[in-house]
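Source file: upload_3.pdb (PDB, C-alpha atoms and all ligand atoms)
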ATOM      1  CA  MET A   1      41.014 -35.978 -58.270
ATOM      2  CA  PRO A   2      40.746 -39.678 -59.295
ATOM      3  CA  ARG A   3      37.683 -41.492 -57.998
ATOM      4  CA  PRO A   4      38.403 -43.750 -54.993
ATOM      5  CA  ILE A   5      38.020 -47.499 -55.587
ATOM      6  CA  ALA A   6      36.458 -49.917 -53.074
ATOM      7  CA  LEU A   7      36.410 -53.712 -53.047
ATOM      8  CA  VAL A   8      33.446 -55.187 -51.140
ATOM      9  CA  THR A   9      33.051 -58.922 -50.470
ATOM     10  CA  GLY A  10      29.573 -60.352 -49.966
ATOM     11  CA  ALA A  11      27.909 -57.603 -52.008
ATOM     12  CA  SER A  12      24.981 -59.737 -53.208
ATOM     13  CA  SER A  13      22.774 -58.938 -50.192
ATOM     14  CA  GLY A  14      22.499 -57.307 -46.774
ATOM     15  CA  PHE A  15      25.321 -55.081 -45.531
ATOM     16  CA  GLY A  16      27.526 -55.635 -48.586
ATOM     17  CA  GLU A  17      24.855 -54.529 -51.035
ATOM     18  CA  ALA A  18      23.986 -51.472 -48.912
ATOM     19  CA  ILE A  19      27.684 -50.584 -48.543
ATOM     20  CA  ALA A  20      28.103 -50.766 -52.333
ATOM     21  CA  ARG A  21      25.095 -48.465 -52.876
ATOM     22  CA  THR A  22      26.296 -45.963 -50.268
ATOM     23  CA  LEU A  23      29.883 -45.890 -51.547
ATOM     24  CA  ALA A  24      28.648 -45.434 -55.121
ATOM     25  CA  LYS A  25      26.673 -42.368 -53.966
ATOM     26  CA  GLU A  26      29.853 -41.142 -52.282
ATOM     27  CA  GLY A  27      31.695 -41.223 -55.629
ATOM     28  CA  TYR A  28      33.500 -44.582 -55.423
ATOM     29  CA  ASP A  29      34.128 -47.040 -58.235
ATOM     30  CA  LEU A  30      33.496 -50.566 -57.045
ATOM     31  CA  ALA A  31      34.762 -54.137 -57.174
ATOM     32  CA  LEU A  32      31.953 -56.393 -55.941
ATOM     33  CA  CYS A  33      32.089 -60.120 -55.308
ATOM     34  CA  ALA A  34      29.936 -62.921 -53.898
ATOM     35  CA  ARG A  35      28.914 -66.417 -54.988
ATOM     36  CA  ARG A  36      25.547 -65.318 -56.465
ATOM     37  CA  GLY A  37      26.780 -63.587 -59.598
ATOM     38  CA  GLU A  38      23.350 -62.812 -61.045
ATOM     39  CA  ARG A  39      22.515 -60.639 -58.030
ATOM     40  CA  LEU A  40      25.796 -58.767 -58.399
ATOM     41  CA  GLU A  41      25.061 -58.089 -62.060
ATOM     42  CA  ALA A  42      21.633 -56.631 -61.238
ATOM     43  CA  LEU A  43      23.181 -54.349 -58.610
ATOM     44  CA  ALA A  44      26.098 -53.396 -60.874
ATOM     45  CA  ALA A  45      23.721 -52.374 -63.678
ATOM     46  CA  GLN A  46      21.977 -49.926 -61.324
ATOM     47  CA  LEU A  47      25.236 -48.484 -59.992
ATOM     48  CA  ARG A  48      26.718 -48.115 -63.486
ATOM     49  CA  ALA A  49      23.581 -46.289 -64.618
ATOM     50  CA  ALA A  50      24.160 -43.868 -61.718
ATOM     51  CA  GLY A  51      27.750 -43.195 -62.847
ATOM     52  CA  SER A  52      30.081 -45.639 -61.032
ATOM     53  CA  GLN A  53      32.490 -48.012 -62.720
ATOM     54  CA  VAL A  54      31.735 -51.477 -61.349
ATOM     55  CA  HIS A  55      33.772 -54.668 -61.690
ATOM     56  CA  THR A  56      31.957 -57.828 -60.557
ATOM     57  CA  GLY A  57      33.208 -61.325 -59.821
ATOM     58  CA  THR A  58      31.472 -64.558 -58.914
ATOM     59  CA  CYS A  59      33.810 -65.604 -56.187
ATOM     60  CA  ASP A  60      33.878 -67.794 -53.082
ATOM     61  CA  VAL A  61      36.146 -66.177 -50.478
ATOM     62  CA  ARG A  62      36.953 -69.635 -49.095
ATOM     63  CA  GLU A  63      38.845 -70.330 -52.325
ATOM     64  CA  ARG A  64      42.164 -68.470 -52.118
ATOM     65  CA  LYS A  65      42.776 -68.583 -55.873
ATOM     66  CA  GLN A  66      39.329 -67.144 -56.616
ATOM     67  CA  ILE A  67      39.680 -64.095 -54.365
ATOM     68  CA  LEU A  68      43.289 -63.518 -55.505
ATOM     69  CA  GLY A  69      42.154 -63.617 -59.132
ATOM     70  CA  PHE A  70      39.220 -61.323 -58.393
ATOM     71  CA  ALA A  71      41.332 -58.672 -56.617
ATOM     72  CA  ASP A  72      43.943 -58.743 -59.408
ATOM     73  CA  SER A  73      41.377 -58.372 -62.193
ATOM     74  CA  ALA A  74      39.496 -55.666 -60.258
ATOM     75  CA  ALA A  75      42.661 -53.608 -59.666
ATOM     76  CA  ARG A  76      43.610 -54.001 -63.329
ATOM     77  CA  SER A  77      40.219 -52.966 -64.696
ATOM     78  CA  LEU A  78      39.488 -50.155 -62.210
ATOM     79  CA  GLY A  79      43.042 -48.810 -61.864
ATOM     80  CA  GLY A  80      43.899 -49.821 -58.268
ATOM     81  CA  LEU A  81      42.234 -50.447 -54.884
ATOM     82  CA  ASN A  82      41.901 -47.969 -51.995
ATOM     83  CA  LEU A  83      39.222 -49.312 -49.650
ATOM     84  CA  ILE A  84      38.698 -52.988 -48.802
ATOM     85  CA  VAL A  85      35.498 -54.028 -47.014
ATOM     86  CA  CYS A  86      35.788 -57.609 -45.747
ATOM     87  CA  ASN A  87      32.103 -58.284 -45.212
ATOM     88  CA  ALA A  88      31.329 -61.777 -46.585
ATOM     89  CA  GLY A  89      30.309 -64.018 -43.701
ATOM     90  CA  LEU A  90      27.606 -66.106 -42.138
ATOM     91  CA  ALA A  91      26.347 -68.127 -39.199
ATOM     92  CA  ARG A  92      25.004 -71.667 -39.522
ATOM     93  CA  GLY A  93      22.555 -73.092 -36.969
ATOM     94  CA  LEU A  94      22.589 -72.877 -33.201
ATOM     95  CA  ASP A  95      24.227 -76.172 -32.324
ATOM     96  CA  LYS A  96      26.266 -76.643 -29.202
ATOM     97  CA  VAL A  97      30.047 -76.918 -29.511
ATOM     98  CA  GLU A  98      29.728 -80.569 -28.504
ATOM     99  CA  SER A  99      27.455 -81.462 -31.407
ATOM    100  CA  ILE A 100      27.948 -78.933 -34.222
ATOM    101  CA  PRO A 101      28.022 -80.660 -37.619
ATOM    102  CA  GLU A 102      31.488 -80.557 -39.165
ATOM    103  CA  GLU A 103      30.054 -78.955 -42.315
ATOM    104  CA  ASP A 104      28.736 -75.946 -40.339
ATOM    105  CA  LEU A 105      31.976 -75.683 -38.361
ATOM    106  CA  ASP A 106      34.007 -75.632 -41.578
ATOM    107  CA  GLN A 107      31.730 -73.192 -43.389
ATOM    108  CA  MET A 108      31.803 -70.587 -40.597
ATOM    109  CA  LEU A 109      35.544 -70.766 -39.952
ATOM    110  CA  ASP A 110      36.467 -71.050 -43.634
ATOM    111  CA  THR A 111      34.287 -68.083 -44.634
ATOM    112  CA  ASN A 112      34.510 -65.740 -41.647
ATOM    113  CA  VAL A 113      38.176 -66.256 -40.760
ATOM    114  CA  LYS A 114      40.109 -67.912 -43.599
ATOM    115  CA  GLY A 115      38.115 -66.104 -46.311
ATOM    116  CA  LEU A 116      38.817 -62.795 -44.622
ATOM    117  CA  VAL A 117      42.553 -63.549 -44.421
ATOM    118  CA  PHE A 118      42.555 -64.547 -48.105
ATOM    119  CA  THR A 119      40.784 -61.267 -48.954
ATOM    120  CA  ILE A 120      43.444 -59.283 -47.082
ATOM    121  CA  GLN A 121      46.249 -61.221 -48.787
ATOM    122  CA  ALA A 122      44.658 -60.636 -52.183
ATOM    123  CA  SER A 123      43.982 -56.915 -51.687
ATOM    124  CA  LEU A 124      46.771 -55.368 -49.603
ATOM    125  CA  PRO A 125      49.417 -55.405 -52.366
ATOM    126  CA  HIS A 126      47.025 -53.393 -54.549
ATOM    127  CA  VAL A 127      46.230 -50.944 -51.734
ATOM    128  CA  ARG A 128      49.980 -50.364 -51.265
ATOM    129  CA  LYS A 129      50.523 -49.915 -54.985
ATOM    130  CA  SER A 130      47.665 -47.378 -54.970
ATOM    131  CA  GLY A 131      49.476 -45.290 -52.353
ATOM    132  CA  GLY A 132      47.610 -46.481 -49.239
ATOM    133  CA  GLY A 133      44.035 -46.783 -48.106
ATOM    134  CA  HIS A 134      41.710 -48.409 -45.622
ATOM    135  CA  VAL A 135      40.750 -51.948 -44.613
ATOM    136  CA  ILE A 136      37.346 -52.343 -42.949
ATOM    137  CA  LEU A 137      36.443 -55.660 -41.339
ATOM    138  CA  ILE A 138      32.810 -56.463 -40.553
ATOM    139  CA  GLY A 139      32.985 -58.210 -37.186
ATOM    140  CA  SER A 140      30.060 -58.580 -34.777
ATOM    141  CA  THR A 141      28.976 -58.137 -31.195
ATOM    142  CA  ALA A 142      29.574 -61.926 -31.293
ATOM    143  CA  GLY A 143      33.250 -60.957 -31.224
ATOM    144  CA  HIS A 144      32.715 -59.324 -27.815
ATOM    145  CA  ALA A 145      30.514 -61.880 -26.026
ATOM    146  CA  THR A 146      29.308 -65.456 -26.424
ATOM    147  CA  TYR A 147      25.982 -67.246 -26.253
ATOM    148  CA  GLU A 148      24.879 -70.879 -26.090
ATOM    149  CA  GLY A 149      24.680 -72.379 -29.555
ATOM    150  CA  GLY A 150      26.833 -69.592 -30.975
ATOM    151  CA  GLY A 151      30.226 -70.948 -29.915
ATOM    152  CA  VAL A 152      31.763 -71.377 -33.354
ATOM    153  CA  TYR A 153      30.219 -68.229 -34.865
ATOM    154  CA  CYS A 154      31.408 -66.270 -31.807
ATOM    155  CA  ALA A 155      34.867 -67.860 -32.108
ATOM    156  CA  SER A 156      35.002 -66.753 -35.744
ATOM    157  CA  LYS A 157      34.038 -63.172 -34.879
ATOM    158  CA  HIS A 158      36.447 -63.061 -31.915
ATOM    159  CA  GLY A 159      38.931 -64.114 -34.613
ATOM    160  CA  VAL A 160      37.942 -61.130 -36.770
ATOM    161  CA  LYS A 161      38.580 -58.826 -33.801
ATOM    162  CA  ALA A 162      42.023 -60.418 -33.285
ATOM    163  CA  LEU A 163      42.825 -60.000 -36.975
ATOM    164  CA  ALA A 164      41.820 -56.312 -36.932
ATOM    165  CA  GLN A 165      43.998 -55.629 -33.889
ATOM    166  CA  THR A 166      46.933 -57.532 -35.408
ATOM    167  CA  LEU A 167      46.656 -55.813 -38.788
ATOM    168  CA  ARG A 168      46.716 -52.429 -37.049
ATOM    169  CA  LEU A 169      50.047 -53.396 -35.475
ATOM    170  CA  GLU A 170      51.495 -54.931 -38.625
ATOM    171  CA  LEU A 171      50.520 -51.985 -40.872
ATOM    172  CA  CYS A 172      51.560 -49.244 -38.439
ATOM    173  CA  GLY A 173      53.977 -46.974 -40.330
ATOM    174  CA  GLU A 174      52.132 -47.406 -43.618
ATOM    175  CA  PRO A 175      49.301 -45.108 -44.770
ATOM    176  CA  ILE A 176      46.694 -47.859 -44.318
ATOM    177  CA  ARG A 177      43.861 -47.564 -41.809
ATOM    178  CA  VAL A 178      42.200 -50.597 -40.180
ATOM    179  CA  THR A 179      38.675 -50.426 -38.765
ATOM    180  CA  SER A 180      36.438 -53.120 -37.334
ATOM    181  CA  ILE A 181      32.678 -52.466 -37.493
ATOM    182  CA  ASP A 182      30.863 -54.784 -35.115
ATOM    183  CA  PRO A 183      27.058 -54.830 -35.445
ATOM    184  CA  GLY A 184      24.437 -56.348 -33.192
ATOM    185  CA  MET A 185      21.077 -57.606 -34.470
ATOM    186  CA  ALA A 186      20.436 -56.484 -38.043
ATOM    187  CA  GLU A 187      17.638 -57.611 -40.333
ATOM    188  CA  THR A 188      19.294 -58.914 -43.500
ATOM    189  CA  GLU A 189      19.357 -62.430 -44.953
ATOM    190  CA  PHE A 190      21.646 -63.414 -42.064
ATOM    191  CA  SER A 191      19.027 -65.288 -39.991
ATOM    192  CA  LEU A 192      17.501 -66.938 -43.068
ATOM    193  CA  VAL A 193      20.951 -68.277 -43.976
ATOM    194  CA  ARG A 194      21.468 -69.344 -40.384
ATOM    195  CA  PHE A 195      18.137 -71.183 -39.899
ATOM    196  CA  LYS A 196      17.028 -71.935 -43.495
ATOM    197  CA  ASP A 197      13.492 -71.252 -42.207
ATOM    198  CA  GLU A 198      11.645 -67.988 -42.924
ATOM    199  CA  ALA A 199       9.367 -68.042 -39.870
ATOM    200  CA  LYS A 200      12.285 -68.754 -37.541
ATOM    201  CA  ALA A 201      14.335 -66.011 -39.178
ATOM    202  CA  GLU A 202      11.513 -63.455 -38.816
ATOM    203  CA  GLY A 203      11.062 -64.491 -35.177
ATOM    204  CA  VAL A 204      14.572 -63.263 -34.343
ATOM    205  CA  TYR A 205      13.469 -59.630 -34.914
ATOM    206  CA  LYS A 206       9.852 -59.973 -33.755
ATOM    207  CA  GLY A 207       8.515 -56.933 -31.871
ATOM    208  CA  MET A 208      11.855 -55.085 -31.830
ATOM    209  CA  ASN A 209      13.455 -52.512 -34.099
ATOM    210  CA  PRO A 210      16.587 -54.156 -35.530
ATOM    211  CA  LEU A 211      19.405 -52.400 -37.366
ATOM    212  CA  GLN A 212      18.995 -52.192 -41.137
ATOM    213  CA  ALA A 213      21.761 -52.778 -43.682
ATOM    214  CA  GLY A 214      21.879 -49.038 -44.454
ATOM    215  CA  ASP A 215      22.845 -48.298 -40.829
ATOM    216  CA  ILE A 216      26.037 -50.334 -41.254
ATOM    217  CA  ALA A 217      26.707 -48.755 -44.656
ATOM    218  CA  GLU A 218      26.516 -45.352 -42.964
ATOM    219  CA  CYS A 219      29.175 -46.470 -40.424
ATOM    220  CA  VAL A 220      31.403 -47.536 -43.334
ATOM    221  CA  ARG A 221      30.821 -44.220 -45.119
ATOM    222  CA  TRP A 222      31.676 -42.252 -41.984
ATOM    223  CA  VAL A 223      34.927 -44.021 -41.097
ATOM    224  CA  ALA A 224      36.071 -44.125 -44.739
ATOM    225  CA  THR A 225      35.521 -40.416 -45.370
ATOM    226  CA  LEU A 226      37.309 -39.073 -42.287
ATOM    227  CA  PRO A 227      40.708 -37.451 -42.938
ATOM    228  CA  ALA A 228      43.461 -40.008 -43.699
ATOM    229  CA  HIS A 229      45.237 -39.408 -40.359
ATOM    230  CA  VAL A 230      42.107 -40.410 -38.370
ATOM    231  CA  ASN A 231      41.683 -44.146 -37.724
ATOM    232  CA  ILE A 232      38.490 -45.321 -36.049
ATOM    233  CA  ASP A 233      39.648 -48.629 -34.548
ATOM    234  CA  GLU A 234      36.315 -50.193 -33.727
ATOM    235  CA  ILE A 235      32.611 -49.418 -33.778
ATOM    236  CA  ILE A 236      30.155 -51.526 -31.784
ATOM    237  CA  VAL A 237      26.718 -50.661 -33.159
ATOM    238  CA  LYS A 238      23.502 -52.145 -31.794
ATOM    239  CA  PRO A 239      19.770 -51.485 -32.086
ATOM    240  CA  THR A 240      18.514 -49.265 -29.279
ATOM    241  CA  ASP A 241      16.223 -52.194 -28.390
ATOM    242  CA  GLN A 242      19.229 -54.491 -27.765
ATOM    243  CA  GLY A 243      20.689 -54.029 -24.281
ATOM    244  CA  SER A 244      23.261 -56.838 -24.273
ATOM    245  CA  HIS A 245      25.885 -57.877 -26.821
ATOM    246  CA  THR A 246      23.885 -61.101 -27.325
ATOM    247  CA  GLY A 247      20.145 -61.660 -27.722
ATOM    248  CA  ALA A 248      19.814 -62.064 -23.937
ATOM    249  CA  LYS A 249      18.373 -58.587 -23.307
ATOM    250  CA  VAL A 250      16.146 -57.375 -26.141
ATOM    251  CA  HIS A 251      13.135 -55.092 -25.744
ATOM    252  CA  ARG A 252      10.158 -56.511 -27.674
ATOM    253  CA  ARG A 253       6.805 -54.792 -27.991
ATOM    254  CA  SER A 254       4.927 -57.995 -28.825
TER
HETATM  255  P1  LIG A 301      23.562 -61.601 -45.635
HETATM  256  O1  LIG A 301      23.304 -63.059 -45.566
HETATM  257  O2  LIG A 301      22.464 -60.711 -46.094
HETATM  258  O3  LIG A 301      24.854 -61.318 -46.540
HETATM  259  C1  LIG A 301      25.994 -62.138 -46.470
HETATM  260  C2  LIG A 301      26.840 -61.908 -47.709
HETATM  261  O4  LIG A 301      28.019 -62.715 -47.613
HETATM  262  C3  LIG A 301      26.114 -62.304 -48.985
HETATM  263  O5  LIG A 301      26.369 -61.348 -49.984
HETATM  264  C4  LIG A 301      26.758 -63.630 -49.355
HETATM  265  O6  LIG A 301      26.764 -63.786 -50.770
HETATM  266  C5  LIG A 301      28.176 -63.403 -48.839
HETATM  267  N1  LIG A 301      28.891 -64.667 -48.638
HETATM  268  C6  LIG A 301      28.618 -65.662 -47.761
HETATM  269  N2  LIG A 301      29.486 -66.673 -47.923
HETATM  270  C7  LIG A 301      30.345 -66.280 -48.923
HETATM  271  C8  LIG A 301      31.460 -66.885 -49.541
HETATM  272  N3  LIG A 301      31.900 -68.102 -49.182
HETATM  273  N4  LIG A 301      32.105 -66.231 -50.530
HETATM  274  C9  LIG A 301      31.673 -64.994 -50.914
HETATM  275  N5  LIG A 301      30.625 -64.370 -50.365
HETATM  276  C10 LIG A 301      29.972 -65.007 -49.385
HETATM  277  O7  LIG A 301      24.028 -61.190 -44.169
HETATM  278  P2  LIG A 301      24.625 -59.808 -43.581
HETATM  279  O8  LIG A 301      24.654 -58.752 -44.589
HETATM  280  O9  LIG A 301      23.936 -59.560 -42.312
HETATM  281  O10 LIG A 301      26.104 -60.299 -43.224
HETATM  282  C11 LIG A 301      27.266 -59.610 -43.636
HETATM  283  C12 LIG A 301      28.316 -59.719 -42.548
HETATM  284  O11 LIG A 301      27.824 -59.095 -41.366
HETATM  285  C13 LIG A 301      28.681 -61.135 -42.144
HETATM  286  O12 LIG A 301      30.080 -61.198 -41.938
HETATM  287  C14 LIG A 301      27.946 -61.338 -40.814
HETATM  288  O13 LIG A 301      28.579 -62.269 -39.989
HETATM  289  C15 LIG A 301      28.033 -59.941 -40.251
HETATM  290  N6  LIG A 301      27.076 -59.581 -39.215
HETATM  291  C16 LIG A 301      25.732 -59.678 -39.424
HETATM  292  C17 LIG A 301      24.857 -59.300 -38.425
HETATM  293  C18 LIG A 301      23.373 -59.402 -38.560
HETATM  294  O14 LIG A 301      22.680 -59.445 -37.539
HETATM  295  N7  LIG A 301      22.829 -59.401 -39.759
HETATM  296  C19 LIG A 301      25.344 -58.744 -37.171
HETATM  297  C20 LIG A 301      26.777 -58.706 -37.062
HETATM  298  C21 LIG A 301      27.585 -59.078 -38.059
HETATM  299  P3  LIG A 301      26.541 -65.134 -51.570
HETATM  300  O15 LIG A 301      25.609 -66.002 -50.775
HETATM  301  O16 LIG A 301      25.963 -64.660 -52.872
HETATM  302  O17 LIG A 301      27.916 -65.702 -51.717
HETATM  303  C1  LIG A 302      25.218 -61.455 -35.685
HETATM  304  C2  LIG A 302      24.753 -61.056 -34.341
HETATM  305  O1  LIG A 302      23.702 -61.908 -32.200
HETATM  306  O2  LIG A 302      23.237 -63.192 -34.203
HETATM  307  O3  LIG A 302      26.592 -61.296 -35.815
HETATM  308  O4  LIG A 302      25.402 -63.312 -33.160
HETATM  309  S1  LIG A 302      24.277 -62.445 -33.447
END

Turn the structure described in the file into structure tokens.
Amino acid sequence: MPRPIALVTGASSGFGEAIARTLAKEGYDLALCARRGERLEALAAQLRAAGSQVHTGTCDVRERKQILGFADSAARSLGGLNLIVCNAGLARGLDKVESIPEEDLDQMLDTNVKGLVFTIQASLPHVRKSGGGHVILIGSTAGHATYEGGGVYCASKHGVKALAQTLRLELCGEPIRVTSIDPGMAETEFSLVRFKDEAKAEGVYKGMNPLQAGDIAECVRWVATLPAHVNIDEIIVKPTDQGSHTGAKVHRRS
């Protein structure tokens, strides 16, 4: 049996890094991309030492040519693509819709929505050529609810949900599964990227037990290793301490 091959965007930290580690343990070869290439190389060295073939690419998913070039070179060097994990994404700030800086607006929509579409466009031809496979989109509970200051991030993740549902319709009849994994509060670099302030980022998870990156990697492992005729459409996964889809109802011990 040939080893399955997964492409993971945003593999330099958080969910993407954990997904890469988990899939490597599961016997996958990997194509990993992000903008911080040095982090990818450090991760790739560990995964290669444990027996996986790993192709890395310093790549900004907002740049269509970069992600197209990365998917092509990955498929060429690894021998195809079977599983695509569209994970790269971010939130910037907590500004109201009325006053969000244009730079933050562009970065969230360009990364979370356009970058994801570019990743699909770059990868699907290789998945088809490889005989079929699975596309996993990392959405968010922010695709199921909204909160003040989160309007654009929530719009982007509602967009991810719409793209997952549409892809499932458009790919019906082909042996390609489409799953959306939609986490709630998870302690990664997400809040540091959002606030650019360590104390503020730590405060988000203060006194509660957030999800960890490995919890999301386990969801990916589970849906990807089910029999090919079983498609898990959507997983909403939250910390037990988070009652609502937003931060409105969170149990904190201190
Ligand atoms: P991290 O900040 O830890 O990881 C984000 C990853 O995305 C990094 O590897 C980063 O790499 C990559 N990335 C960001 N922008 C780009 C870009 N333009 N091109 C390529 N890669 C990019 O956060 P998480 O792991 O938490 O986030 C992963 C996904 O999960 C995101 O889509 C996020 O919206 C979603 N999510 C997160 C939740 C949370 O609470 N943590 C909850 C729900 C969803 P680099 O900077 O090197 O490019
Ligand atoms: C991240 C979850 O609550 O910060 O997607 O929007 S939240």

Could you name the residues that touch segment 184-200 of chain A at 8 Å or less, counting all atoms listed in the file, but leaving out those on the same chain fewer than 4 positions away, as a count of residues only?
-> 24

Check the smallest atom-to-atom distance from each of A:Ala122, A:Ile136, A:Leu94, A:Leu109 to ligand LIG 302 (chain A) using all atoms listed in the file, then report the winner.
->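 Of A:Ala122, A:Ile136, A:Leu94, A:Leu109, the one nearest ligand LIG 302 (chain A) is A:Leu94, counting all atoms listed in the file.
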
Residue nearest Glu170 of chain A - candidates A:Leu32, A:Lys157, A:Leu124, A:Ala224, atoms counted: only C-alpha atoms =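 Ranking A:Leu32, A:Lys157, A:Leu124, A:Ala224 by distance to Glu170 of chain A, first place goes to A:Leu124.
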
To box segment 40-49 of chain A, take all atoms listed in the file, fit an axis-aligned box, add 8 Å on each side, and give centre and edge lengths in Å to one decimal, as AutoDock Vina command-line options.
--center_x 24.2 --center_y -52.5 --center_z -61.5 --size_x 21.1 --size_y 28.5 --size_z 22.2

Residue with smallest distance to Tyr147 of chain A - pool A:His55, A:Lys25, A:Lys249, A:Arg221, counting only C-alpha atoms =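 For Tyr147 of chain A, the nearest of the candidates is A:Lys249.
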
Shortest interatomic distance to Pro4 of chain A - which of A:Gly79, A:Pro227, A:Gly69, A:Gly57, counting all atoms listed in the file =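 Looking at the shortest contact to Pro4 of chain A, the residue is A:Gly79.
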
Between A:Leu23, A:Val54, A:Cys86, A:Cys59, which is the closest to Gly37 of chain A once you count only C-alpha atoms?
->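 That would be A:Cys59, the residue with the smallest distance to Gly37 of chain A.
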
In the coordinates of the file, take the point (25.8, -53.2, -55.0) and a cut-off of 6 Å; then, counting all atoms listed in the file, name each qualifying protein, DNA or RNA residue as number ranges by chain.
-> A: 11, 17, 20-21, 43-44

Point out the residue among A:Arg177, A:Asp233, A:Arg168, A:Gly150 with the least atom-to-atom distance to ligand LIG 302 (chain A), counting all atoms listed in the file.
->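 Checking each of A:Arg177, A:Asp233, A:Arg168, A:Gly150 against ligand LIG 302 (chain A), counting all atoms listed in the file, the winner is A:Gly150.
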
Rounded to one decimal place, report the atom CA of Gly159 of chain A-atom CA of Ala228 of chain A distance in Å.
-> 26.2 Å

Extract, using all atoms listed in the file, all DNA, RNA and protein residues at most 9 Å from Ala75 of chain A, discarding same-chain residues fewer than 6 positions from it, and format them as JSON, numbers by chain.
-> {"A": [5, 31, 81, 123, 126]}

Report as a PDB file with C-alpha atoms, keeping the file's coordinate frame the full result of the PyMOL selection byres (((chain A and resi 113) around 10) and not hetatm) when it is applied to this structure.
ATOM      1  CA  VAL A  61      36.146 -66.177 -50.478  1.00  0.00           C
ATOM      2  CA  ARG A  62      36.953 -69.635 -49.095  1.00  0.00           C
ATOM      3  CA  GLY A  89      30.309 -64.018 -43.701  1.00  0.00           C
ATOM      4  CA  GLN A 107      31.730 -73.192 -43.389  1.00  0.00           C
ATOM      5  CA  MET A 108      31.803 -70.587 -40.597  1.00  0.00           C
ATOM      6  CA  LEU A 109      35.544 -70.766 -39.952  1.00  0.00           C
ATOM      7  CA  ASP A 110      36.467 -71.050 -43.634  1.00  0.00           C
ATOM      8  CA  THR A 111      34.287 -68.083 -44.634  1.00  0.00           C
ATOM      9  CA  ASN A 112      34.510 -65.740 -41.647  1.00  0.00           C
ATOM     10  CA  LYS A 114      40.109 -67.912 -43.599  1.00  0.00           C
ATOM     11  CA  GLY A 115      38.115 -66.104 -46.311  1.00  0.00           C
ATOM     12  CA  LEU A 116      38.817 -62.795 -44.622  1.00  0.00           C
ATOM     13  CA  VAL A 117      42.553 -63.549 -44.421  1.00  0.00           C
ATOM     14  CA  PHE A 118      42.555 -64.547 -48.105  1.00  0.00           C
ATOM     15  CA  THR A 119      40.784 -61.267 -48.954  1.00  0.00           C
ATOM     16  CA  ALA A 155      34.867 -67.860 -32.108  1.00  0.00           C
ATOM     17  CA  SER A 156      35.002 -66.753 -35.744  1.00  0.00           C
ATOM     18  CA  LYS A 157      34.038 -63.172 -34.879  1.00  0.00           C
ATOM     19  CA  HIS A 158      36.447 -63.061 -31.915  1.00  0.00           C
ATOM     20  CA  GLY A 159      38.931 -64.114 -34.613  1.00  0.00           C
ATOM     21  CA  VAL A 160      37.942 -61.130 -36.770  1.00  0.00           C
ATOM     22  CA  LEU A 163      42.825 -60.000 -36.975  1.00  0.00           C
TER      23      LEU A 163
END

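Selection by the PyMOL selection byres (((chain A and resi 27) around 10) and not hetatm) on the present file picks out Pro2, Arg3, Pro4, Ile5, Thr22, Leu23, Ala24, Lys25, Glu26, Tyr28, Asp29, Leu30, Gly51, Ser52 and Gln53 of chain A.
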
Kindly give the distance, in Å, that separates atom CA of Ile138 of chain A and atom O16 of ligand LIG 301 (chain A), rounded to a single decimal.
->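 Computed distance, atom CA of Ile138 of chain A to atom O16 of ligand LIG 301 (chain A), equals 16.3 Å.
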
Can you list, as a list of chain:residue names, every protein, DNA or RNA residue that comes within 8 Å of Met208 of chain A when you count all atoms listed in the file, leaving out same-chain residues fewer than 2 positions away?
-> A:Tyr205, A:Lys206, A:Pro210, A:Asp241, A:Val250, A:His251, A:Arg252, A:Arg253

Could you tell me how far atom CA of Leu137 of chain A lies from atom CA of Ile181 of chain A, in Å and to one decimal?
->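 That distance, rounded to one decimal, is 6.3 Å.
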